[in-house]
Amino acid sequence: MTIKGKAYIAGIYEHPTRKAEGIPLSQLHAEVAKGALDDAGLTVADVDGYFCAGDAPGLGGFSMAEYMGLRVRQTDCTETGGSSYIAHLNHAAQAIATGKIKVALITLAGKPRTGGAPPGRPPMAVVPPDAPFELPFKPTVLNLYAMCARRHVHEFGTTPEQLAWIKVAASQHAQHNPHAMLRDVVTVEEVVNSPIVADPLHRLDCCVVSDGGGALVVVAPEIAAQLQRPKVRILGAGEAIKHTNGGEMDITWSGAVWSGAKAFEEAGVRPTDIKYVSVYDSFTITVLMQLEDLGFCAKGEGGRFVADGNLISGVGKLPFNTDGGGLCNNHPGNRGGMTKVLEAVRQLRGEAHPAVQVKNCDLALAHGTGGYLPTRHGSATVILERA
Amino acid sequence: MSATKDDTAVADRALAPYWEAARAGRLLLRRCNACSELHYYPRPLCPFCLSADGEWVEASGEGVIYSWSVERRANPPYAIAFVTLREGPTLMSNIVDCDLDGLAIGQPVRLKFEEREGQPSPVFRPA
């Protein structure tokens, strides 16, 4: 049993807002749902599966299904932080492949800039067992990811300048995106000369904080055949959770080692076949580690791989995050998985901005990481093909 | 812990020997009698085999910095770290009583306890 070729992404939508003043979270979810259904040429009455994560208000999908008037036969509220939406894509494809549903809707929305639900931190009825052994030491997203960077630098000689190239590439792409929060092209020098926020990460090693959202519509092949918009076929997907393993830790690699291998195996392709990659970019180090873990270069070679513009569309060998990514464009709800899929679909449709569109882009990979890289995180990978 | 749901107190009671030792300035690890693996943070069931047959082992208090960062925007800035204990497990902690610009991976550190939000917490200072 495989999802390969059994489901298609038929509709996508990215909310243009980066500051959703006056728009409630529930409305953001509904607006992105409408946008993706319109893009597909479908209506809310066609939806029979709904997928959302902890950013959706209410218990699981109940409140949003009611709010949007959905009549669903399957729902899935897998919560793996920002990687959730790529996991949902996998689960939607599984449900379609087994005939449980025909049209799946996946939504994400978040408002970390203007309030609303705390991003990425759904209310926890019970304090998790790890909390008393970590929270007293004041871990933050910044200092946790910084410790991965520190160890990577130590083991492999990765340099601040190499990490900076990731931000430079993202900024080269973002200059063409009218919705991007940061549209100014930056240089390696500007990144490494920006203030240190958590050693060894600089301010410009970090992503933006933005409101917004996005949605995907995933359909069965017979539905896809009736639709006019360019279709994207799902070839393979993988998921993993990596954790502290009782204290036997190595924080220089991520769960992408597992989720990526599974996705490539199911798709029957290799990293060298991929024309475009969307990879989660909460920080520059996140990108570097994931590219290694997904097999685009050997472990420890990431610094050399990303340097000298290798991730810039039209310049390097592996164009990445051509919308500007979380580093420059947006990061709705402090969660990156959804926007990663959206730009991969644009590339495969040939609908990315002409300045960043990858030529003959027929195979793409989208990867998300959710949670906290050195302690507990979810990884999800999907490989997509132009249909 | 700022959140004090009922289950937190139950979880604390399940690890009562750990917290009693911590209040006395001693750090306890958990060793599984079924698979012999040491683990931290301590759990009533071994995370390697789910056996409930375990025993407490006192850590020497010696370790080395596995990785670290300084949260520069905090007032005052502080050093967070992962410390690998001589016994094997790596744990999250803070490096205290130190020059924040003088930390290094591999640096030997020594255990001490500090009270954090009413909880005795294992932190480390340069050895």
# chains A, B, ... in the order shown; residues from 1 in each chain; ligands from 1
$ closest_atom_pairs --of "chain A" --to "chain B" --cutoff "12 Å" --atoms "only C-alpha atoms" --output "CSV"
residue,atom,partner,partner_atom,distance
A:Pro123,CA,B:Ala3,CA,11.6
A:Met124,CA,B:Ala3,CA,10.1
A:Ala125,CA,B:Lys5,CA,8.1
A:Val126,CA,B:Asp7,CA,6.6
A:Val127,CA,B:Thr8,CA,6.5
A:Pro128,CA,B:Thr8,CA,8.6
A:Pro129,CA,B:Ala11,CA,7.5
A:Asp130,CA,B:Tyr41,CA,7.0
A:Ala131,CA,B:Met1,CA,8.0
A:Pro132,CA,B:Met1,CA,6.6
A:Phe133,CA,B:Tyr41,CA,6.5
A:Glu134,CA,B:Met92,CA,6.1
A:Leu135,CA,B:Met1,CA,7.6
A:Pro136,CA,B:Arg116,CA,5.8
A:Phe137,CA,B:Ser93,CA,5.6
A:Lys138,CA,B:Ile80,CA,7.5
A:Pro139,CA,B:Ile80,CA,7.1
A:Thr140,CA,B:Glu71,CA,8.4
A:Val141,CA,B:Glu71,CA,10.5
A:Leu142,CA,B:Glu71,CA,7.9
A:Asn143,CA,B:Ser69,CA,5.8
A:Leu144,CA,B:Ser69,CA,7.9
A:Tyr145,CA,B:Ser69,CA,9.2
A:Ala146,CA,B:Ser69,CA,6.2
A:Met147,CA,B:Trp68,CA,5.3
A:Cys148,CA,B:Ser67,CA,7.5
A:Ala149,CA,B:Ser67,CA,9.0
A:Arg150,CA,B:Ser67,CA,6.3
A:Arg151,CA,B:Ser67,CA,5.6
A:His152,CA,B:Ser67,CA,9.4
A:Val153,CA,B:Ser67,CA,10.3
A:His154,CA,B:Ile105,CA,7.5
A:Glu155,CA,B:Ile105,CA,10.0
A:Pro195,CA,B:Arg72,CA,9.3
A:Ile196,CA,B:Arg72,CA,7.0
A:Val197,CA,B:Arg72,CA,5.3
A:Ala198,CA,B:Glu71,CA,4.7
A:Asp199,CA,B:Ser69,CA,5.0
A:Pro200,CA,B:Ser69,CA,7.1
A:Leu201,CA,B:Ser69,CA,9.0
A:His202,CA,B:Arg72,CA,10.3
A:Arg203,CA,B:Arg73,CA,10.6
A:His243,CA,B:Pro47,CA,11.1
A:Thr244,CA,B:Thr90,CA,8.5
A:Asn245,CA,B:Pro47,CA,7.4
A:Gly246,CA,B:His39,CA,4.7
A:Gly247,CA,B:Pro89,CA,4.3
A:Glu248,CA,B:Pro89,CA,5.6
A:Met249,CA,B:Thr90,CA,6.5
A:Asp250,CA,B:Tyr66,CA,9.3
A:Ile251,CA,B:Ser67,CA,9.0
A:Thr252,CA,B:Ser67,CA,10.4
A:Pro374,CA,B:Phe82,CA,9.5
A:Thr375,CA,B:Met92,CA,9.1
$ write_last_selection --atoms "N, CA and C atoms" --output "short mmCIF file (atom, residue, chain, number, x, y, z; two decimals), in the first residue's frame"
data_model
loop_
_atom_site.label_atom_id
_atom_site.label_comp_id
_atom_site.auth_asym_id
_atom_site.auth_seq_id
_atom_site.Cartn_x
_atom_site.Cartn_y
_atom_site.Cartn_z
N PRO A 123 -3.26 24.73 24.43
CA PRO A 123 -3.42 24.57 25.87
C PRO A 123 -3.20 23.12 26.27
N MET A 124 -2.38 22.93 27.30
CA MET A 124 -2.10 21.57 27.73
C MET A 124 -2.84 21.30 29.03
N ALA A 125 -3.73 20.32 29.01
CA ALA A 125 -4.52 20.00 30.19
C ALA A 125 -3.62 19.49 31.30
N VAL A 126 -2.56 18.80 30.94
CA VAL A 126 -1.64 18.24 31.93
C VAL A 126 -0.24 18.72 31.58
N VAL A 127 0.48 19.19 32.59
CA VAL A 127 1.86 19.63 32.37
C VAL A 127 2.68 18.43 31.90
N PRO A 128 3.43 18.56 30.80
CA PRO A 128 4.17 17.40 30.30
C PRO A 128 5.29 16.99 31.26
N PRO A 129 5.65 15.71 31.27
CA PRO A 129 6.58 15.19 32.27
C PRO A 129 7.98 15.77 32.17
N ASP A 130 8.35 16.29 31.00
CA ASP A 130 9.68 16.87 30.82
C ASP A 130 9.79 18.27 31.43
N ALA A 131 8.65 18.93 31.64
CA ALA A 131 8.65 20.35 32.01
C ALA A 131 9.47 20.66 33.27
N PRO A 132 9.31 19.90 34.38
CA PRO A 132 10.07 20.25 35.58
C PRO A 132 11.59 20.11 35.41
N PHE A 133 12.00 19.39 34.37
CA PHE A 133 13.43 19.14 34.15
C PHE A 133 14.02 20.05 33.07
N GLU A 134 13.19 20.95 32.54
CA GLU A 134 13.69 21.86 31.50
C GLU A 134 13.31 23.32 31.77
N LEU A 135 12.04 23.57 32.10
CA LEU A 135 11.58 24.96 32.21
C LEU A 135 12.35 25.79 33.24
N PRO A 136 12.86 25.20 34.35
CA PRO A 136 13.63 26.03 35.28
C PRO A 136 14.88 26.66 34.66
N PHE A 137 15.32 26.13 33.54
CA PHE A 137 16.57 26.62 32.93
C PHE A 137 16.31 27.65 31.82
N LYS A 138 15.05 28.03 31.68
CA LYS A 138 14.62 29.07 30.74
C LYS A 138 15.01 28.79 29.27
N PRO A 139 14.60 27.62 28.76
CA PRO A 139 14.80 27.38 27.34
C PRO A 139 13.88 28.30 26.53
N THR A 140 14.39 28.82 25.42
CA THR A 140 13.57 29.57 24.48
C THR A 140 13.80 28.95 23.10
N VAL A 141 12.90 29.23 22.18
CA VAL A 141 13.10 28.72 20.83
C VAL A 141 14.49 29.13 20.32
N LEU A 142 14.83 30.40 20.61
CA LEU A 142 16.11 30.93 20.15
C LEU A 142 17.30 30.15 20.72
N ASN A 143 17.36 30.04 22.07
CA ASN A 143 18.58 29.43 22.64
C ASN A 143 18.63 27.92 22.40
N LEU A 144 17.46 27.30 22.19
CA LEU A 144 17.47 25.86 21.89
C LEU A 144 18.06 25.60 20.50
N TYR A 145 17.58 26.37 19.51
CA TYR A 145 18.11 26.18 18.15
C TYR A 145 19.57 26.63 18.09
N ALA A 146 19.90 27.64 18.90
CA ALA A 146 21.29 28.12 18.94
C ALA A 146 22.23 27.02 19.42
N MET A 147 21.75 26.19 20.35
CA MET A 147 22.63 25.12 20.85
C MET A 147 22.90 24.06 19.77
N CYS A 148 21.93 23.87 18.88
CA CYS A 148 22.19 22.97 17.73
C CYS A 148 23.26 23.58 16.84
N ALA A 149 23.14 24.89 16.60
CA ALA A 149 24.13 25.57 15.76
C ALA A 149 25.52 25.46 16.40
N ARG A 150 25.58 25.72 17.71
CA ARG A 150 26.86 25.67 18.42
C ARG A 150 27.53 24.31 18.26
N ARG A 151 26.75 23.25 18.43
CA ARG A 151 27.32 21.89 18.35
C ARG A 151 27.73 21.58 16.91
N HIS A 152 26.93 22.04 15.94
CA HIS A 152 27.25 21.80 14.53
C HIS A 152 28.56 22.49 14.16
N VAL A 153 28.71 23.73 14.62
CA VAL A 153 29.95 24.48 14.39
C VAL A 153 31.14 23.71 14.99
N HIS A 154 30.93 23.19 16.21
CA HIS A 154 32.00 22.48 16.92
C HIS A 154 32.41 21.20 16.20
N GLU A 155 31.43 20.43 15.76
CA GLU A 155 31.75 19.12 15.18
C GLU A 155 32.21 19.20 13.74
N PRO A 195 23.26 41.95 15.46
CA PRO A 195 23.53 41.60 16.87
C PRO A 195 23.32 40.10 17.14
N ILE A 196 24.16 39.58 18.02
CA ILE A 196 23.96 38.21 18.51
C ILE A 196 22.72 38.21 19.40
N VAL A 197 21.77 37.30 19.12
CA VAL A 197 20.61 37.20 20.00
C VAL A 197 20.73 36.01 20.94
N ALA A 198 21.26 34.91 20.46
CA ALA A 198 21.57 33.75 21.31
C ALA A 198 22.76 33.07 20.63
N ASP A 199 23.92 33.17 21.24
CA ASP A 199 25.15 32.68 20.61
C ASP A 199 24.95 31.27 20.08
N PRO A 200 25.36 30.96 18.86
CA PRO A 200 26.04 31.83 17.90
C PRO A 200 25.10 32.46 16.86
N LEU A 201 23.79 32.50 17.14
CA LEU A 201 22.85 33.02 16.15
C LEU A 201 22.71 34.54 16.25
N HIS A 202 22.72 35.18 15.07
CA HIS A 202 22.53 36.62 14.97
C HIS A 202 21.05 36.91 14.70
N ARG A 203 20.71 38.18 14.84
CA ARG A 203 19.32 38.57 14.58
C ARG A 203 18.90 38.15 13.18
N HIS A 243 13.39 12.85 19.85
CA HIS A 243 13.34 13.36 21.22
C HIS A 243 14.67 13.12 21.92
N THR A 244 14.70 13.38 23.22
CA THR A 244 15.99 13.36 23.92
C THR A 244 16.45 11.94 24.27
N ASN A 245 15.63 10.94 23.99
CA ASN A 245 16.06 9.55 24.06
C ASN A 245 16.71 9.20 25.40
N GLY A 246 16.04 9.57 26.46
CA GLY A 246 16.52 9.21 27.80
C GLY A 246 17.85 9.84 28.17
N GLY A 247 18.29 10.82 27.37
CA GLY A 247 19.56 11.49 27.67
C GLY A 247 20.69 11.09 26.74
N GLU A 248 20.44 10.12 25.85
CA GLU A 248 21.44 9.75 24.83
C GLU A 248 21.21 10.64 23.62
N MET A 249 21.83 11.81 23.63
CA MET A 249 21.46 12.84 22.66
C MET A 249 22.56 13.11 21.64
N ASP A 250 22.12 13.41 20.41
CA ASP A 250 22.99 13.99 19.39
C ASP A 250 22.16 15.05 18.68
N ILE A 251 22.44 16.31 18.96
CA ILE A 251 21.58 17.38 18.45
C ILE A 251 22.06 17.94 17.12
N THR A 252 22.99 17.25 16.46
CA THR A 252 23.48 17.75 15.17
C THR A 252 22.65 17.23 14.00
N PRO A 374 16.49 20.62 19.46
CA PRO A 374 17.37 19.72 20.23
C PRO A 374 16.63 18.80 21.21
N THR A 375 15.38 19.12 21.55
CA THR A 375 14.69 18.29 22.54
C THR A 375 13.63 17.42 21.88
#
$ residues_around --residues "segment 308-317 of chain A" --least-positions-apart "5" --cutoff "10 Å" --atoms "only C-alpha atoms" --output "PyMOL selection string"
chain A and resi 161-162+165-173+188+272+275-277+322+355-359
$ residues_around --residues "Tyr85 of chain A" --least-positions-apart "5" --cutoff "8 Å" --atoms "only C-alpha atoms" --output "ChimeraX atom specification"
/A:52-53,106-108,337-338
$ atom_distance --atom1 "atom CA of Ser36 of chain B" --atom2 "atom CA of Ala256 of chain A"
29.5 Å
$ select_by_dssp --residues "chain B" --states "strand (DSSP E)" --output "PyMOL selection string"
chain B and resi 28-32+38-39+54-58+62-71+78-85+90-95+108-116+119-126
$ select_by_dssp --residues "chain B" --states "alpha helix (DSSP H)" --output "PDB file with C-alpha atoms, in the first residue's frame"
ATOM      1  CA  ASP B   6      -3.291  18.186  40.207  1.00  0.00           C
ATOM      2  CA  ASP B   7      -1.399  15.729  38.032  1.00  0.00           C
ATOM      3  CA  THR B   8       1.856  17.631  38.560  1.00  0.00           C
ATOM      4  CA  ALA B   9       1.722  16.857  42.268  1.00  0.00           C
ATOM      5  CA  VAL B  10       0.982  13.206  41.454  1.00  0.00           C
ATOM      6  CA  ALA B  11       3.921  13.138  39.020  1.00  0.00           C
ATOM      7  CA  ASP B  12       6.160  14.660  41.699  1.00  0.00           C
ATOM      8  CA  ARG B  13       5.107  12.021  44.247  1.00  0.00           C
ATOM      9  CA  ALA B  14       5.935   9.271  41.749  1.00  0.00           C
ATOM     10  CA  ALA B  16       9.637  11.463  45.453  1.00  0.00           C
ATOM     11  CA  PRO B  17      13.155  10.003  45.992  1.00  0.00           C
ATOM     12  CA  TYR B  18      14.466  12.230  43.180  1.00  0.00           C
ATOM     13  CA  TRP B  19      13.043  15.401  44.702  1.00  0.00           C
ATOM     14  CA  GLU B  20      14.129  14.453  48.235  1.00  0.00           C
ATOM     15  CA  ALA B  21      17.694  13.909  46.993  1.00  0.00           C
ATOM     16  CA  ALA B  22      17.584  17.167  45.024  1.00  0.00           C
ATOM     17  CA  ARG B  23      16.595  19.062  48.166  1.00  0.00           C
TER      18      ARG B  23
END
$ atom_distance --atom1 "atom CA of Leu70 of chain A" --atom2 "atom CA of Ala56 of chain A"
14.5 Å
$ atom_distance --atom1 "atom CA of Val382 of chain A" --atom2 "atom CA of His353 of chain A"
22.2 Å
$ residues_around --residues "Glu266 of chain A" --least-positions-apart "5" --cutoff "9 Å" --atoms "only C-alpha atoms" --output "list in words"
Thr2, Ile3, Lys4, Leu235, Gly236, Ala237, Gly238 and Ala261 of chain A
$ residues_around --residues "Tyr8 of chain A" --least-positions-apart "5" --cutoff "7 Å" --atoms "only C-alpha atoms" --output "PDB file with N, CA and C atoms, in the first residue's frame"
ATOM      1  N   VAL A 218      -6.722  18.713  -1.203  1.00  0.00           N
ATOM      2  CA  VAL A 218      -6.135  17.473  -1.727  1.00  0.00           C
ATOM      3  C   VAL A 218      -7.283  16.594  -2.226  1.00  0.00           C
ATOM      4  N   VAL A 219      -7.140  16.060  -3.436  1.00  0.00           N
ATOM      5  CA  VAL A 219      -8.281  15.339  -4.026  1.00  0.00           C
ATOM      6  C   VAL A 219      -7.858  13.994  -4.615  1.00  0.00           C
ATOM      7  N   ALA A 220      -8.850  13.144  -4.803  1.00  0.00           N
ATOM      8  CA  ALA A 220      -8.665  11.854  -5.453  1.00  0.00           C
ATOM      9  C   ALA A 220      -8.427  12.060  -6.950  1.00  0.00           C
ATOM     10  N   PRO A 221      -7.761  11.104  -7.611  1.00  0.00           N
ATOM     11  CA  PRO A 221      -7.447  11.265  -9.045  1.00  0.00           C
ATOM     12  C   PRO A 221      -8.676  11.558  -9.908  1.00  0.00           C
ATOM     13  N   ALA A 224      -9.482  15.136  -9.519  1.00  0.00           N
ATOM     14  CA  ALA A 224      -8.436  15.949 -10.153  1.00  0.00           C
ATOM     15  C   ALA A 224      -8.654  16.023 -11.660  1.00  0.00           C
ATOM     16  N   LYS A 231      -2.331  20.411 -11.827  1.00  0.00           N
ATOM     17  CA  LYS A 231      -2.358  19.528 -10.665  1.00  0.00           C
ATOM     18  C   LYS A 231      -0.948  19.109 -10.250  1.00  0.00           C
ATOM     19  N   VAL A 232      -0.850  18.781  -8.978  1.00  0.00           N
ATOM     20  CA  VAL A 232       0.418  18.318  -8.413  1.00  0.00           C
ATOM     21  C   VAL A 232       0.171  16.965  -7.750  1.00  0.00           C
ATOM     22  N   ARG A 233       0.956  15.995  -8.171  1.00  0.00           N
ATOM     23  CA  ARG A 233       0.780  14.629  -7.689  1.00  0.00           C
ATOM     24  C   ARG A 233       1.654  14.387  -6.453  1.00  0.00           C
ATOM     25  N   ILE A 234       1.092  13.709  -5.464  1.00  0.00           N
ATOM     26  CA  ILE A 234       1.861  13.356  -4.269  1.00  0.00           C
ATOM     27  C   ILE A 234       2.555  12.022  -4.528  1.00  0.00           C
TER      28      ILE A 234
END
$ closest_residue --among "B:Val109, B:Leu100, B:Val64, B:Cys35" --to "Leu50 of chain B" --atoms "only C-alpha atoms"
B:Cys35
$ closest_residue --among "A:Leu348, A:Leu288, A:Ala45, A:Gly115" --to "Ala164 of chain A" --atoms "only C-alpha atoms"
A:Leu288
$ closest_residue --among "A:Gly58, A:Pro319, A:Gly110, A:Gly82" --to "Cys361 of chain A" --atoms "only C-alpha atoms"
A:Pro319
$ residues_around --residues "Met181 of chain A" --least-positions-apart "3" --cutoff "8 Å" --atoms "only C-alpha atoms" --output "MDAnalysis selection string"
chainID A and resid 18 208 328:330
$ decode --residues "segment 289-323 of chain A" --atoms "N, CA and C atoms" --output "compact mmCIF listing (two decimals), in the first residue's frame"
# COMPACT_ATOMS: atom_id res chain seq x y z
N MET A 289 20.83 21.96 8.69
CA MET A 289 20.74 20.59 9.23
C MET A 289 19.77 19.74 8.42
N GLN A 290 18.63 20.32 8.04
CA GLN A 290 17.64 19.54 7.30
C GLN A 290 18.14 19.15 5.91
N LEU A 291 18.86 20.06 5.25
CA LEU A 291 19.38 19.73 3.91
C LEU A 291 20.34 18.55 4.00
N GLU A 292 21.18 18.54 5.05
CA GLU A 292 22.06 17.39 5.28
C GLU A 292 21.24 16.13 5.54
N ASP A 293 20.27 16.26 6.44
CA ASP A 293 19.51 15.09 6.90
C ASP A 293 18.64 14.50 5.79
N LEU A 294 18.21 15.37 4.87
CA LEU A 294 17.39 14.88 3.74
C LEU A 294 18.25 14.25 2.65
N GLY A 295 19.57 14.40 2.76
CA GLY A 295 20.47 13.73 1.83
C GLY A 295 20.94 14.59 0.67
N PHE A 296 20.71 15.92 0.74
CA PHE A 296 21.17 16.77 -0.35
C PHE A 296 22.70 16.97 -0.31
N CYS A 297 23.29 16.71 0.85
CA CYS A 297 24.75 16.66 0.99
C CYS A 297 25.05 15.79 2.19
N ALA A 298 26.31 15.44 2.37
CA ALA A 298 26.69 14.58 3.49
C ALA A 298 26.60 15.35 4.81
N LYS A 299 26.42 14.63 5.91
CA LYS A 299 26.40 15.24 7.23
C LYS A 299 27.71 16.00 7.46
N GLY A 300 27.58 17.26 7.85
CA GLY A 300 28.76 18.06 8.10
C GLY A 300 29.20 18.90 6.91
N GLU A 301 28.64 18.57 5.73
CA GLU A 301 29.01 19.30 4.50
C GLU A 301 28.06 20.46 4.23
N GLY A 302 27.04 20.62 5.10
CA GLY A 302 26.00 21.62 4.84
C GLY A 302 26.54 23.03 4.68
N GLY A 303 27.52 23.38 5.46
CA GLY A 303 28.08 24.73 5.39
C GLY A 303 28.63 25.04 4.01
N ARG A 304 29.41 24.12 3.50
CA ARG A 304 29.97 24.31 2.15
C ARG A 304 28.87 24.26 1.09
N PHE A 305 27.86 23.41 1.34
CA PHE A 305 26.78 23.22 0.36
C PHE A 305 25.94 24.49 0.17
N VAL A 306 25.66 25.20 1.26
CA VAL A 306 24.76 26.36 1.15
C VAL A 306 25.50 27.64 0.76
N ALA A 307 26.83 27.61 0.81
CA ALA A 307 27.60 28.84 0.58
C ALA A 307 27.58 29.25 -0.90
N ASP A 308 27.98 30.50 -1.12
CA ASP A 308 28.22 31.02 -2.47
C ASP A 308 26.97 30.97 -3.35
N GLY A 309 25.80 31.10 -2.73
CA GLY A 309 24.59 31.24 -3.53
C GLY A 309 24.02 29.95 -4.07
N ASN A 310 24.43 28.80 -3.51
CA ASN A 310 23.96 27.53 -4.06
C ASN A 310 22.46 27.32 -3.89
N LEU A 311 21.81 28.10 -2.98
CA LEU A 311 20.36 27.95 -2.77
C LEU A 311 19.56 29.00 -3.53
N ILE A 312 20.25 29.88 -4.30
CA ILE A 312 19.56 30.97 -5.00
C ILE A 312 19.07 30.48 -6.36
N SER A 313 17.78 30.71 -6.62
CA SER A 313 17.19 30.30 -7.90
C SER A 313 17.89 30.99 -9.06
N GLY A 314 18.27 30.22 -10.06
CA GLY A 314 18.95 30.76 -11.23
C GLY A 314 20.45 30.89 -11.04
N VAL A 315 20.93 30.68 -9.82
CA VAL A 315 22.35 30.81 -9.52
C VAL A 315 22.93 29.46 -9.08
N GLY A 316 22.27 28.87 -8.07
CA GLY A 316 22.82 27.66 -7.46
C GLY A 316 22.17 26.38 -7.96
N LYS A 317 22.66 25.28 -7.39
CA LYS A 317 22.18 23.97 -7.83
C LYS A 317 20.87 23.55 -7.17
N LEU A 318 20.57 24.10 -5.99
CA LEU A 318 19.35 23.68 -5.30
C LEU A 318 18.56 24.90 -4.83
N PRO A 319 17.72 25.47 -5.71
CA PRO A 319 16.91 26.62 -5.30
C PRO A 319 15.99 26.24 -4.14
N PHE A 320 15.92 27.12 -3.13
CA PHE A 320 15.09 26.83 -1.96
C PHE A 320 14.23 28.04 -1.63
N ASN A 321 13.07 27.77 -1.04
CA ASN A 321 12.19 28.79 -0.45
C ASN A 321 12.14 30.06 -1.32
N THR A 322 11.64 29.90 -2.53
CA THR A 322 11.67 31.00 -3.49
C THR A 322 10.64 32.09 -3.22
N ASP A 323 9.80 31.89 -2.19
CA ASP A 323 8.89 32.96 -1.77
C ASP A 323 9.56 33.87 -0.72
